[in-house]
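Participant: If you scroll down you'll find the structure; I have some questions about it.
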Amino acid sequence: VDNWDGKEPLPPELEEAGLCISRGEAVAFPTETVYGLGADARRDTAVEQIFAAKGRPGDNPLIVHIGDRSQWHPLVSSIPDMAEKLADAFWPGPLTLIVPKSDAVSEKVTAGLDSLAVRMPEHPVARALINEAGVPVAAPSANRSGRPSPTKAEHVTYDLDGQIAGIVQGGDAGYGLESTVVDCTGEKAVILRPGGITREQLTDVLGAEHIVQADAAAEEDTPKAPGMKYRHYAPSSPLVLIEGGMQKAALAARREGKTVGIMAVDEHRRELEASADVFIPLGSKDKPAGIAAKLYDNLRAADQSGVDVIFCETFPKEGIGEAVMNRLEKAASAS
Ligand code: TXA
Ligand code: MG
């Protein structure tokens with residue numbers, strides 16, 4: 001259903017996918033952030049299929065996706081003011097809110113926590129699918145656990161073919177990085193995972209004094225998103241972030257007989273290409289959203305290039321650059 005704009009009639013693939021989910025099967029679908037793997041959040045057996053297909057640890061809770069604001073209320077026991085404000089400002093969109101849960105969803109979804117992660121996606125295919133299924137849809141990113149999140153239908157096929165009931169094809173993800181996760185269960189909003197909605201955008205709505213960073217919150221004993229402790233996006237050859245001195249680093253590695261991949265912005269291609277066995281252009285430095293959108297595809301390409309080591313440039317941690325650097329740092333630390 002590439003390029004479907006959300007207008008009637010519903011494409012037949014979407015009707016079928018909605019039926020699959022309402023029958024308790026797991027189906028991959030596009031969202032504006034990354035592809036998700038969705039199943040009925042109320043049913044243990046449906047949710048178990050997600051964990052099995054991804055090879056995901058059972059103690060890592062899932063985000064429940066809704067198609068409409070009214071679906072939120074039965075899922076939660078209360079909606080804190082700041083959650084209401086953030087939903088007003090950014091839903092539908094790439095923002096996940098952690099709020100106190102009700103007992104409407106399967107325990108498997110929340111992995112024993114008493115809070116629930118909820119998001120209303122913006123992508124017309126995602127919303128139509130959720131509405132067609134008629135149930136709250138639990139959906140993590142549709143990758144094999146430990147791989148970069150899928151931003152193209154073919155990434156899902158590569159990781160999960162044969163493990164799931166189907167994939168709704170819907171073109172490339174627009175943001176290309178996962179949603180921002182904000183914990184709204186405490187005094188202040190805690191950014192557990194930077195993502196599509198930037199800190200600057202959150203600050204505009206809540207004010208800087210009402211927002212804290214996950215690391216600072218950890219010192220105050222607030223638990224982080226359980227998923228953040230797992231190895232993520234780990235490439236099979238080591239990824240090293242280089243903040244200046246790329247040529248020197250590449251040269252040194254080559255002197256040791258290693259093959260070298262370099263990931264850098266288009267503007268640095270001329271200067272760096274000769275130092276690399278494989279050069280992966282990340283997009284223009286003037287278009288950070290474009291770099292974010294293609295980052296996971298580029299990480300997958302780097303992984304498949306088979307080089308001994310991958311060097312990647314760093315970016316300013318502002319705007320979407322904060323999420324880009326968060327993912328790159330995770331990939332680098334895991335390798
Ligand atoms: O953009 C996205 O958020 C995508 C699309 C498909 O919507 N989904 C996604 O899901 O990235 P997943 O499962 O890959 O990441 C969910 C993150 C994990 O780090 C998980 O630990 C955290 O959210 N999380 C889920 N429920 C939580 C809760 N109750 N408290 C704290 N963290 C939670
Ligand atoms: Mg994920």
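Ordered as shown in the structure tokens, chains take letters A, B, and onward, while each chain numbers its residues from 1 and ligands are numbered from 1 in the order shown.
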Which polymer residues have any atom within 6 Å of an atom of range 89-104 of chain A, counting only C-alpha atoms, with same-chain residues fewer than 5 positions away left out, as number ranges by chain?

Facilitator: A: 75-77, 114-122, 179-185, 196

Participant: Please identify which residues in range 102-162 of chain A DSSP calls helix (DSSP H, G or I) from the backbone, and express them as a PDB file with all heavy atoms, in the first residue's frame.

Facilitator:
ATOM      1  N   GLU A 107      -0.243  -8.829  30.625  1.00  0.00           N
ATOM      2  CA  GLU A 107       0.934  -8.638  31.478  1.00  0.00           C
ATOM      3  C   GLU A 107       2.225  -8.761  30.677  1.00  0.00           C
ATOM      4  O   GLU A 107       3.263  -8.209  31.046  1.00  0.00           O
ATOM      5  CB  GLU A 107       0.966  -9.711  32.576  1.00  0.00           C
ATOM      6  CG  GLU A 107      -0.153  -9.591  33.585  1.00  0.00           C
ATOM      7  CD  GLU A 107       0.279  -8.759  34.783  1.00  0.00           C
ATOM      8  OE1 GLU A 107       1.472  -8.817  35.134  1.00  0.00           O
ATOM      9  OE2 GLU A 107      -0.561  -8.034  35.339  1.00  0.00           O
ATOM     10  N   LYS A 108       2.146  -9.534  29.603  1.00  0.00           N
ATOM     11  CA  LYS A 108       3.337  -9.749  28.755  1.00  0.00           C
ATOM     12  C   LYS A 108       3.790  -8.440  28.128  1.00  0.00           C
ATOM     13  O   LYS A 108       4.969  -8.244  27.864  1.00  0.00           O
ATOM     14  CB  LYS A 108       3.023 -10.736  27.626  1.00  0.00           C
ATOM     15  CG  LYS A 108       2.358 -12.004  28.083  1.00  0.00           C
ATOM     16  CD  LYS A 108       3.340 -13.144  28.112  1.00  0.00           C
ATOM     17  CE  LYS A 108       2.670 -14.352  28.718  1.00  0.00           C
ATOM     18  NZ  LYS A 108       3.592 -15.285  29.303  1.00  0.00           N
ATOM     19  N   VAL A 109       2.828  -7.550  27.849  1.00  0.00           N
ATOM     20  CA  VAL A 109       3.142  -6.277  27.208  1.00  0.00           C
ATOM     21  C   VAL A 109       3.981  -5.413  28.137  1.00  0.00           C
ATOM     22  O   VAL A 109       4.958  -4.797  27.721  1.00  0.00           O
ATOM     23  CB  VAL A 109       1.850  -5.515  26.825  1.00  0.00           C
ATOM     24  CG1 VAL A 109       2.168  -4.080  26.412  1.00  0.00           C
ATOM     25  CG2 VAL A 109       1.127  -6.229  25.710  1.00  0.00           C
ATOM     26  N   THR A 110       3.590  -5.361  29.406  1.00  0.00           N
ATOM     27  CA  THR A 110       4.240  -4.452  30.343  1.00  0.00           C
ATOM     28  C   THR A 110       5.378  -5.114  31.110  1.00  0.00           C
ATOM     29  O   THR A 110       6.064  -4.446  31.881  1.00  0.00           O
ATOM     30  CB  THR A 110       3.205  -3.892  31.339  1.00  0.00           C
ATOM     31  OG1 THR A 110       2.408  -4.986  31.823  1.00  0.00           O
ATOM     32  CG2 THR A 110       2.299  -2.890  30.655  1.00  0.00           C
ATOM     33  N   PRO A 124      -0.648   7.104   8.009  1.00  0.00           N
ATOM     34  CA  PRO A 124      -2.027   6.731   7.677  1.00  0.00           C
ATOM     35  C   PRO A 124      -2.244   5.211   7.639  1.00  0.00           C
ATOM     36  O   PRO A 124      -3.311   4.739   8.029  1.00  0.00           O
ATOM     37  CB  PRO A 124      -2.263   7.344   6.289  1.00  0.00           C
ATOM     38  CG  PRO A 124      -0.927   7.775   5.791  1.00  0.00           C
ATOM     39  CD  PRO A 124      -0.033   7.957   6.981  1.00  0.00           C
ATOM     40  N   VAL A 125      -1.230   4.473   7.210  1.00  0.00           N
ATOM     41  CA  VAL A 125      -1.372   3.005   7.152  1.00  0.00           C
ATOM     42  C   VAL A 125      -1.455   2.430   8.571  1.00  0.00           C
ATOM     43  O   VAL A 125      -2.300   1.582   8.866  1.00  0.00           O
ATOM     44  CB  VAL A 125      -0.211   2.356   6.370  1.00  0.00           C
ATOM     45  CG1 VAL A 125      -0.266   0.838   6.477  1.00  0.00           C
ATOM     46  CG2 VAL A 125      -0.241   2.802   4.908  1.00  0.00           C
ATOM     47  N   ALA A 126      -0.589   2.922   9.451  1.00  0.00           N
ATOM     48  CA  ALA A 126      -0.591   2.437  10.838  1.00  0.00           C
ATOM     49  C   ALA A 126      -1.937   2.712  11.493  1.00  0.00           C
ATOM     50  O   ALA A 126      -2.533   1.836  12.128  1.00  0.00           O
ATOM     51  CB  ALA A 126       0.538   3.107  11.621  1.00  0.00           C
ATOM     52  N   ARG A 127      -2.430   3.922  11.332  1.00  0.00           N
ATOM     53  CA  ARG A 127      -3.693   4.278  11.992  1.00  0.00           C
ATOM     54  C   ARG A 127      -4.871   3.505  11.430  1.00  0.00           C
ATOM     55  O   ARG A 127      -5.733   3.030  12.170  1.00  0.00           O
ATOM     56  CB  ARG A 127      -3.930   5.777  11.876  1.00  0.00           C
ATOM     57  CG  ARG A 127      -2.855   6.516  12.652  1.00  0.00           C
ATOM     58  CD  ARG A 127      -3.083   7.974  12.673  1.00  0.00           C
ATOM     59  NE  ARG A 127      -4.304   8.303  13.387  1.00  0.00           N
ATOM     60  CZ  ARG A 127      -4.832   9.518  13.361  1.00  0.00           C
ATOM     61  NH1 ARG A 127      -4.278  10.463  12.641  1.00  0.00           N
ATOM     62  NH2 ARG A 127      -5.924   9.764  14.049  1.00  0.00           N
ATOM     63  N   ALA A 128      -4.898   3.354  10.101  1.00  0.00           N
ATOM     64  CA  ALA A 128      -5.999   2.599   9.493  1.00  0.00           C
ATOM     65  C   ALA A 128      -5.951   1.146   9.954  1.00  0.00           C
ATOM     66  O   ALA A 128      -6.986   0.538  10.227  1.00  0.00           O
ATOM     67  CB  ALA A 128      -5.911   2.691   7.967  1.00  0.00           C
ATOM     68  N   LEU A 129      -4.754   0.608  10.060  1.00  0.00           N
ATOM     69  CA  LEU A 129      -4.608  -0.791  10.480  1.00  0.00           C
ATOM     70  C   LEU A 129      -5.104  -0.993  11.920  1.00  0.00           C
ATOM     71  O   LEU A 129      -5.835  -1.939  12.209  1.00  0.00           O
ATOM     72  CB  LEU A 129      -3.141  -1.219  10.359  1.00  0.00           C
ATOM     73  CG  LEU A 129      -2.822  -2.626  10.860  1.00  0.00           C
ATOM     74  CD1 LEU A 129      -3.560  -3.678  10.036  1.00  0.00           C
ATOM     75  CD2 LEU A 129      -1.315  -2.885  10.816  1.00  0.00           C
ATOM     76  N   ILE A 130      -4.715  -0.089  12.801  1.00  0.00           N
ATOM     77  CA  ILE A 130      -5.142  -0.191  14.201  1.00  0.00           C
ATOM     78  C   ILE A 130      -6.667  -0.087  14.287  1.00  0.00           C
ATOM     79  O   ILE A 130      -7.328  -0.871  14.968  1.00  0.00           O
ATOM     80  CB  ILE A 130      -4.483   0.911  15.063  1.00  0.00           C
ATOM     81  CG1 ILE A 130      -2.967   0.755  15.062  1.00  0.00           C
ATOM     82  CG2 ILE A 130      -5.024   0.870  16.491  1.00  0.00           C
ATOM     83  CD1 ILE A 130      -2.206   1.989  15.517  1.00  0.00           C
ATOM     84  N   ASN A 131      -7.215   0.859  13.549  1.00  0.00           N
ATOM     85  CA  ASN A 131      -8.670   1.030  13.576  1.00  0.00           C
ATOM     86  C   ASN A 131      -9.383  -0.171  12.981  1.00  0.00           C
ATOM     87  O   ASN A 131     -10.420  -0.605  13.478  1.00  0.00           O
ATOM     88  CB  ASN A 131      -9.059   2.324  12.866  1.00  0.00           C
ATOM     89  CG  ASN A 131      -8.635   3.545  13.676  1.00  0.00           C
ATOM     90  OD1 ASN A 131      -8.557   3.478  14.908  1.00  0.00           O
ATOM     91  ND2 ASN A 131      -8.328   4.643  13.007  1.00  0.00           N
ATOM     92  N   GLU A 132      -8.815  -0.721  11.925  1.00  0.00           N
ATOM     93  CA  GLU A 132      -9.406  -1.892  11.273  1.00  0.00           C
ATOM     94  C   GLU A 132      -9.353  -3.105  12.212  1.00  0.00           C
ATOM     95  O   GLU A 132     -10.305  -3.863  12.306  1.00  0.00           O
ATOM     96  CB  GLU A 132      -8.640  -2.171   9.971  1.00  0.00           C
ATOM     97  CG  GLU A 132      -9.237  -3.211   9.057  1.00  0.00           C
ATOM     98  CD  GLU A 132     -10.613  -2.843   8.522  1.00  0.00           C
ATOM     99  OE1 GLU A 132     -11.025  -1.660   8.596  1.00  0.00           O
ATOM    100  OE2 GLU A 132     -11.297  -3.766   8.038  1.00  0.00           O
ATOM    101  N   ALA A 133      -8.225  -3.266  12.904  1.00  0.00           N
ATOM    102  CA  ALA A 133      -8.091  -4.387  13.847  1.00  0.00           C
ATOM    103  C   ALA A 133      -9.075  -4.212  15.006  1.00  0.00           C
ATOM    104  O   ALA A 133      -9.576  -5.183  15.561  1.00  0.00           O
ATOM    105  CB  ALA A 133      -6.656  -4.471  14.366  1.00  0.00           C
ATOM    106  N   ALA A 153      10.457  -1.954   4.167  1.00  0.00           N
ATOM    107  CA  ALA A 153       9.797  -3.265   4.249  1.00  0.00           C
ATOM    108  C   ALA A 153      10.821  -4.389   4.043  1.00  0.00           C
ATOM    109  O   ALA A 153      10.757  -5.438   4.685  1.00  0.00           O
ATOM    110  CB  ALA A 153       8.682  -3.358   3.212  1.00  0.00           C
ATOM    111  N   GLU A 154      11.805  -4.159   3.168  1.00  0.00           N
ATOM    112  CA  GLU A 154      12.779  -5.229   2.907  1.00  0.00           C
ATOM    113  C   GLU A 154      13.657  -5.544   4.123  1.00  0.00           C
ATOM    114  O   GLU A 154      14.147  -6.662   4.252  1.00  0.00           O
ATOM    115  CB  GLU A 154      13.618  -4.902   1.667  1.00  0.00           C
ATOM    116  CG  GLU A 154      14.544  -3.721   1.836  1.00  0.00           C
ATOM    117  CD  GLU A 154      14.753  -2.932   0.531  1.00  0.00           C
ATOM    118  OE1 GLU A 154      13.754  -2.456  -0.040  1.00  0.00           O
ATOM    119  OE2 GLU A 154      15.908  -2.793   0.115  1.00  0.00           O
ATOM    120  N   HIS A 155      13.845  -4.557   5.018  1.00  0.00           N
ATOM    121  CA  HIS A 155      14.576  -4.851   6.263  1.00  0.00           C
ATOM    122  C   HIS A 155      13.794  -5.850   7.105  1.00  0.00           C
ATOM    123  O   HIS A 155      14.366  -6.723   7.749  1.00  0.00           O
ATOM    124  CB  HIS A 155      14.778  -3.588   7.101  1.00  0.00           C
ATOM    125  CG  HIS A 155      15.635  -2.537   6.450  1.00  0.00           C
ATOM    126  ND1 HIS A 155      15.613  -1.220   6.853  1.00  0.00           N
ATOM    127  CD2 HIS A 155      16.531  -2.593   5.436  1.00  0.00           C
ATOM    128  CE1 HIS A 155      16.464  -0.516   6.128  1.00  0.00           C
ATOM    129  NE2 HIS A 155      17.036  -1.323   5.250  1.00  0.00           N
ATOM    130  N   VAL A 156      12.456  -5.681   7.123  1.00  0.00           N
ATOM    131  CA  VAL A 156      11.606  -6.591   7.900  1.00  0.00           C
ATOM    132  C   VAL A 156      11.688  -7.987   7.297  1.00  0.00           C
ATOM    133  O   VAL A 156      11.849  -8.984   8.015  1.00  0.00           O
ATOM    134  CB  VAL A 156      10.133  -6.118   7.910  1.00  0.00           C
ATOM    135  CG1 VAL A 156       9.286  -7.056   8.764  1.00  0.00           C
ATOM    136  CG2 VAL A 156      10.019  -4.684   8.409  1.00  0.00           C
ATOM    137  N   THR A 157      11.582  -8.059   5.976  1.00  0.00           N
ATOM    138  CA  THR A 157      11.666  -9.353   5.297  1.00  0.00           C
ATOM    139  C   THR A 157      12.981 -10.035   5.634  1.00  0.00           C
ATOM    140  O   THR A 157      13.027 -11.217   5.969  1.00  0.00           O
ATOM    141  CB  THR A 157      11.576  -9.166   3.764  1.00  0.00           C
ATOM    142  OG1 THR A 157      10.425  -8.372   3.488  1.00  0.00           O
ATOM    143  CG2 THR A 157      11.464 -10.496   3.050  1.00  0.00           C
ATOM    144  N   TYR A 158      14.064  -9.269   5.574  1.00  0.00           N
ATOM    145  CA  TYR A 158      15.397  -9.810   5.843  1.00  0.00           C
ATOM    146  C   TYR A 158      15.466 -10.401   7.255  1.00  0.00           C
ATOM    147  O   TYR A 158      15.982 -11.493   7.455  1.00  0.00           O
ATOM    148  CB  TYR A 158      16.432  -8.684   5.686  1.00  0.00           C
ATOM    149  CG  TYR A 158      17.863  -9.136   5.795  1.00  0.00           C
ATOM    150  CD1 TYR A 158      18.592  -9.483   4.654  1.00  0.00           C
ATOM    151  CD2 TYR A 158      18.496  -9.203   7.036  1.00  0.00           C
ATOM    152  CE1 TYR A 158      19.909  -9.894   4.756  1.00  0.00           C
ATOM    153  CE2 TYR A 158      19.815  -9.626   7.140  1.00  0.00           C
ATOM    154  CZ  TYR A 158      20.520  -9.961   6.004  1.00  0.00           C
ATOM    155  OH  TYR A 158      21.817 -10.364   6.104  1.00  0.00           O
ATOM    156  N   ASP A 159      14.909  -9.691   8.225  1.00  0.00           N
ATOM    157  CA  ASP A 159      15.022 -10.126   9.625  1.00  0.00           C
ATOM    158  C   ASP A 159      13.983 -11.170  10.038  1.00  0.00           C
ATOM    159  O   ASP A 159      14.295 -12.058  10.822  1.00  0.00           O
ATOM    160  CB  ASP A 159      14.869  -8.924  10.570  1.00  0.00           C
ATOM    161  CG  ASP A 159      16.149  -8.098  10.710  1.00  0.00           C
ATOM    162  OD1 ASP A 159      17.086  -8.313   9.916  1.00  0.00           O
ATOM    163  OD2 ASP A 159      16.198  -7.244  11.607  1.00  0.00           O
ATOM    164  N   LEU A 160      12.744 -11.044   9.532  1.00  0.00           N
ATOM    165  CA  LEU A 160      11.636 -11.806  10.128  1.00  0.00           C
ATOM    166  C   LEU A 160      10.867 -12.704   9.161  1.00  0.00           C
ATOM    167  O   LEU A 160       9.856 -13.299   9.547  1.00  0.00           O
ATOM    168  CB  LEU A 160      10.640 -10.842  10.811  1.00  0.00           C
ATOM    169  CG  LEU A 160      11.179  -9.983  11.945  1.00  0.00           C
ATOM    170  CD1 LEU A 160      10.076  -9.094  12.492  1.00  0.00           C
ATOM    171  CD2 LEU A 160      11.774 -10.831  13.064  1.00  0.00           C
TER     172      LEU A 160
END

Participant: List as a list of chain:residue names the protein and nucleic acid residues near Ile320 in chain A, meaning an atom at most 8 Å away when only C-alpha atoms are counted, but skip any in the same chain fewer than 6 places from it.

Facilitator: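 My list of contacting residues is A:Gly195, A:Gly196, A:Ile197, A:Thr198, A:Pro288, A:Ala289, A:Ala292.
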
Participant: Take the residues from that selection and put them in a file with N, CA, C and O atoms, as a tab-separated table (two decimals), in the first residue's frame.

Facilitator:
chain	number	residue	atom	x	y	z
A	195	GLY	N	14.27	10.73	20.45
A	195	GLY	CA	13.72	10.20	19.20
A	195	GLY	C	13.13	11.29	18.33
A	195	GLY	O	13.60	12.43	18.35
A	196	GLY	N	12.10	10.93	17.59
A	196	GLY	CA	11.51	11.81	16.57
A	196	GLY	C	11.08	13.18	17.07
A	196	GLY	O	11.20	14.17	16.36
A	197	ILE	N	10.53	13.25	18.29
A	197	ILE	CA	10.21	14.56	18.88
A	197	ILE	C	11.43	14.99	19.70
A	197	ILE	O	11.87	14.27	20.58
A	198	THR	N	11.95	16.17	19.40
A	198	THR	CA	13.21	16.58	20.02
A	198	THR	C	13.00	17.17	21.42
A	198	THR	O	11.90	17.58	21.78
A	288	PRO	N	19.98	17.26	8.74
A	288	PRO	CA	20.04	16.23	9.80
A	288	PRO	C	18.85	15.27	9.76
A	288	PRO	O	19.00	14.08	10.08
A	289	ALA	N	17.67	15.75	9.36
A	289	ALA	CA	16.51	14.84	9.31
A	289	ALA	C	16.74	13.75	8.26
A	289	ALA	O	16.33	12.60	8.43
A	292	ALA	N	19.08	11.18	9.75
A	292	ALA	CA	18.32	10.31	10.66
A	292	ALA	C	17.51	9.28	9.88
A	292	ALA	O	17.50	8.09	10.21

Participant: Kindly work out which residues sit at most 12 Å from ligand 2, using only C-alpha atoms and all ligand atoms, and give the list as an NGL selection string.

Facilitator: :A and (33-37 or 50-51 or 54-57 or 60-63 or 139-151 or 177-179 or 181 or 193 or 225-233 or 296 or 327)

Participant: Distance CA of Gly134 in chain A-CA of Ala46 in chain A, one decimal place?

Facilitator: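 If I compute the distance from CA of Gly134 in chain A to CA of Ala46 in chain A, I get 14.4 Å.
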
Participant: Quote the spacing between atom 19 (O, counted along the ligand's line) of ligand 1 and CA of Ala138 in chain A in Å to one decimal place.

Facilitator: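 Distance between the two atoms: 13.4 Å.
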
Participant: Between CA of Ala52 in chain A and CA of Ser236 in chain A, what is the distance in Å, rounded to a tenth?

Facilitator: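 Taking CA of Ala52 in chain A and CA of Ser236 in chain A, their separation equals 22.3 Å.
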
Participant: Hey, what does DSSP flag as strand (DSSP E or B) within range 69-192 of chain A? Can you give it to me as a compact mmCIF listing (two decimals) with all heavy atoms, in the first residue's frame?

Facilitator:
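As a result, out.txt now contains:
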# COMPACT_ATOMS: atom_id res chain seq x y z
N VAL A 76 -5.35 2.86 30.68
CA VAL A 76 -4.56 3.48 31.73
C VAL A 76 -5.41 3.73 32.97
O VAL A 76 -6.64 3.81 32.88
CB VAL A 76 -3.93 4.80 31.24
CG1 VAL A 76 -3.06 4.53 30.03
CG2 VAL A 76 -4.99 5.84 30.90
N LEU A 95 5.94 10.18 19.45
CA LEU A 95 6.12 10.37 20.88
C LEU A 95 5.39 9.26 21.63
O LEU A 95 4.21 9.02 21.40
CB LEU A 95 5.55 11.72 21.32
CG LEU A 95 5.63 11.98 22.82
CD1 LEU A 95 7.08 12.18 23.27
CD2 LEU A 95 4.79 13.19 23.21
N THR A 96 6.11 8.58 22.54
CA THR A 96 5.54 7.53 23.38
C THR A 96 5.48 8.04 24.81
O THR A 96 6.48 8.57 25.32
CB THR A 96 6.40 6.26 23.29
OG1 THR A 96 6.33 5.76 21.95
CG2 THR A 96 5.91 5.19 24.26
N LEU A 97 4.32 7.88 25.43
CA LEU A 97 4.13 8.37 26.80
C LEU A 97 3.98 7.20 27.75
O LEU A 97 3.20 6.28 27.50
CB LEU A 97 2.89 9.27 26.85
CG LEU A 97 2.98 10.51 25.95
CD1 LEU A 97 1.62 11.22 25.86
CD2 LEU A 97 4.05 11.47 26.46
N ILE A 98 4.74 7.23 28.85
CA ILE A 98 4.62 6.20 29.89
C ILE A 98 3.68 6.74 30.98
O ILE A 98 3.94 7.80 31.54
CB ILE A 98 5.99 5.89 30.53
CG1 ILE A 98 7.07 5.66 29.48
CG2 ILE A 98 5.87 4.74 31.52
CD1 ILE A 98 7.07 4.34 28.82
N VAL A 99 2.61 5.99 31.21
CA VAL A 99 1.59 6.41 32.18
C VAL A 99 1.18 5.20 33.03
O VAL A 99 1.46 4.06 32.65
CB VAL A 99 0.36 7.01 31.46
CG1 VAL A 99 0.72 8.32 30.75
CG2 VAL A 99 -0.22 6.03 30.45
N PRO A 100 0.52 5.43 34.17
CA PRO A 100 0.07 4.30 35.00
C PRO A 100 -0.93 3.44 34.21
O PRO A 100 -1.82 3.97 33.56
CB PRO A 100 -0.62 4.98 36.19
CG PRO A 100 -0.08 6.38 36.23
CD PRO A 100 0.18 6.73 34.79
N LYS A 101 -0.78 2.10 34.30
CA LYS A 101 -1.61 1.23 33.46
C LYS A 101 -2.90 0.79 34.16
O LYS A 101 -2.99 0.80 35.39
CB LYS A 101 -0.81 0.01 33.05
CG LYS A 101 -0.50 -0.93 34.20
CD LYS A 101 -0.05 -2.29 33.70
CE LYS A 101 -0.03 -3.27 34.87
NZ LYS A 101 0.35 -4.63 34.47
N SER A 115 3.43 0.47 34.81
CA SER A 115 3.18 1.56 33.86
C SER A 115 3.06 0.98 32.45
O SER A 115 3.43 -0.17 32.20
CB SER A 115 4.35 2.55 33.90
OG SER A 115 5.54 1.89 33.54
N LEU A 116 2.50 1.80 31.56
CA LEU A 116 2.28 1.36 30.18
C LEU A 116 2.79 2.43 29.22
O LEU A 116 2.58 3.63 29.44
CB LEU A 116 0.77 1.15 29.96
CG LEU A 116 0.35 0.73 28.54
CD1 LEU A 116 0.80 -0.69 28.25
CD2 LEU A 116 -1.16 0.85 28.39
N ALA A 117 3.43 1.99 28.15
CA ALA A 117 3.90 2.90 27.11
C ALA A 117 2.82 2.96 26.01
O ALA A 117 2.39 1.93 25.52
CB ALA A 117 5.21 2.39 26.52
N VAL A 118 2.38 4.18 25.67
CA VAL A 118 1.33 4.34 24.66
C VAL A 118 1.76 5.36 23.61
O VAL A 118 2.40 6.36 23.93
CB VAL A 118 0.00 4.85 25.29
CG1 VAL A 118 -1.12 4.87 24.25
CG2 VAL A 118 -0.40 3.99 26.48
N ARG A 119 1.41 5.05 22.36
CA ARG A 119 1.72 6.00 21.28
C ARG A 119 0.62 5.98 20.25
O ARG A 119 0.08 4.92 19.91
CB ARG A 119 3.06 5.60 20.65
CG ARG A 119 3.38 6.31 19.34
CD ARG A 119 4.85 6.17 19.01
NE ARG A 119 5.13 5.40 17.80
CZ ARG A 119 5.09 5.91 16.57
NH1 ARG A 119 4.74 7.16 16.37
NH2 ARG A 119 5.38 5.16 15.52
N VAL A 137 -2.90 -2.08 19.76
CA VAL A 137 -1.90 -2.91 19.08
C VAL A 137 -0.52 -2.74 19.74
O VAL A 137 0.08 -1.66 19.67
CB VAL A 137 -1.82 -2.54 17.57
CG1 VAL A 137 -0.68 -3.28 16.89
CG2 VAL A 137 -3.16 -2.85 16.88
N ALA A 138 -0.05 -3.81 20.38
CA ALA A 138 1.30 -3.80 20.95
C ALA A 138 2.28 -3.96 19.79
O ALA A 138 2.11 -4.86 18.97
CB ALA A 138 1.47 -4.96 21.93
N SER A 141 9.64 -2.37 17.42
CA SER A 141 10.20 -2.29 16.08
C SER A 141 10.29 -3.71 15.49
O SER A 141 10.54 -4.67 16.22
CB SER A 141 11.58 -1.64 16.13
OG SER A 141 12.37 -2.23 17.16
N GLY A 166 2.55 -11.66 8.27
CA GLY A 166 2.64 -10.87 7.04
C GLY A 166 3.27 -9.52 7.28
O GLY A 166 3.56 -9.14 8.42
N ILE A 167 3.53 -8.81 6.18
CA ILE A 167 4.07 -7.45 6.23
C ILE A 167 3.18 -6.56 5.38
O ILE A 167 2.92 -6.88 4.22
CB ILE A 167 5.49 -7.37 5.62
CG1 ILE A 167 6.44 -8.36 6.31
CG2 ILE A 167 6.04 -5.96 5.73
CD1 ILE A 167 7.81 -8.43 5.65
N THR A 180 10.35 9.20 20.52
CA THR A 180 10.86 9.67 21.81
C THR A 180 10.01 9.04 22.90
O THR A 180 8.79 9.03 22.80
CB THR A 180 10.73 11.21 21.87
OG1 THR A 180 11.38 11.75 20.73
CG2 THR A 180 11.33 11.77 23.15
N VAL A 181 10.66 8.47 23.93
CA VAL A 181 9.90 7.87 25.04
C VAL A 181 10.01 8.78 26.26
O VAL A 181 11.12 9.08 26.72
CB VAL A 181 10.42 6.46 25.38
CG1 VAL A 181 9.64 5.87 26.56
CG2 VAL A 181 10.31 5.53 24.17
N VAL A 182 8.87 9.23 26.76
CA VAL A 182 8.84 10.14 27.91
C VAL A 182 8.04 9.52 29.05
O VAL A 182 6.87 9.18 28.88
CB VAL A 182 8.23 11.50 27.52
CG1 VAL A 182 8.17 12.42 28.74
CG2 VAL A 182 9.03 12.17 26.41
N ASP A 183 8.68 9.35 30.19
CA ASP A 183 8.02 8.82 31.37
C ASP A 183 7.26 9.94 32.09
O ASP A 183 7.87 10.91 32.54
CB ASP A 183 9.08 8.20 32.31
CG ASP A 183 8.45 7.53 33.52
OD1 ASP A 183 7.23 7.68 33.73
OD2 ASP A 183 9.19 6.85 34.26
N ALA A 189 8.75 15.16 33.75
CA ALA A 189 8.81 14.30 32.58
C ALA A 189 10.25 13.84 32.40
O ALA A 189 11.17 14.65 32.44
CB ALA A 189 8.35 15.06 31.34
N VAL A 190 10.44 12.53 32.21
CA VAL A 190 11.79 12.00 32.05
C VAL A 190 11.95 11.47 30.62
O VAL A 190 11.18 10.61 30.19
CB VAL A 190 12.06 10.85 33.05
CG1 VAL A 190 13.52 10.38 32.92
CG2 VAL A 190 11.78 11.30 34.47
N ILE A 191 12.93 11.99 29.91
CA ILE A 191 13.18 11.50 28.55
C ILE A 191 13.98 10.20 28.65
O ILE A 191 15.16 10.21 28.97
CB ILE A 191 13.96 12.53 27.70
CG1 ILE A 191 13.20 13.85 27.66
CG2 ILE A 191 14.18 11.98 26.28
CD1 ILE A 191 13.94 14.96 26.93
N LEU A 192 13.31 9.08 28.42
CA LEU A 192 13.97 7.78 28.54
C LEU A 192 14.72 7.43 27.26
O LEU A 192 15.69 6.69 27.29
CB LEU A 192 12.95 6.68 28.84
CG LEU A 192 12.16 6.81 30.14
CD1 LEU A 192 11.20 5.64 30.29
CD2 LEU A 192 13.11 6.87 31.33

Participant: Check the smallest atom-to-atom distance from each of A:Ala26, A:Ala53, A:Gly112, A:Trp72 to ligand 1 using only C-alpha atoms and all ligand atoms, then report the winner.

Facilitator: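 Looking at the shortest contact to ligand 1, the residue is A:Gly112.
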
Participant: May I have the residues within 10 Å of Glu318 in chain A as JSON, numbers by chain, using only C-alpha atoms and disregarding those fewer than 3 positions away in the same chain?

Facilitator: {"A": [198, 199, 200, 288, 315, 321, 322, 323, 324, 325]}
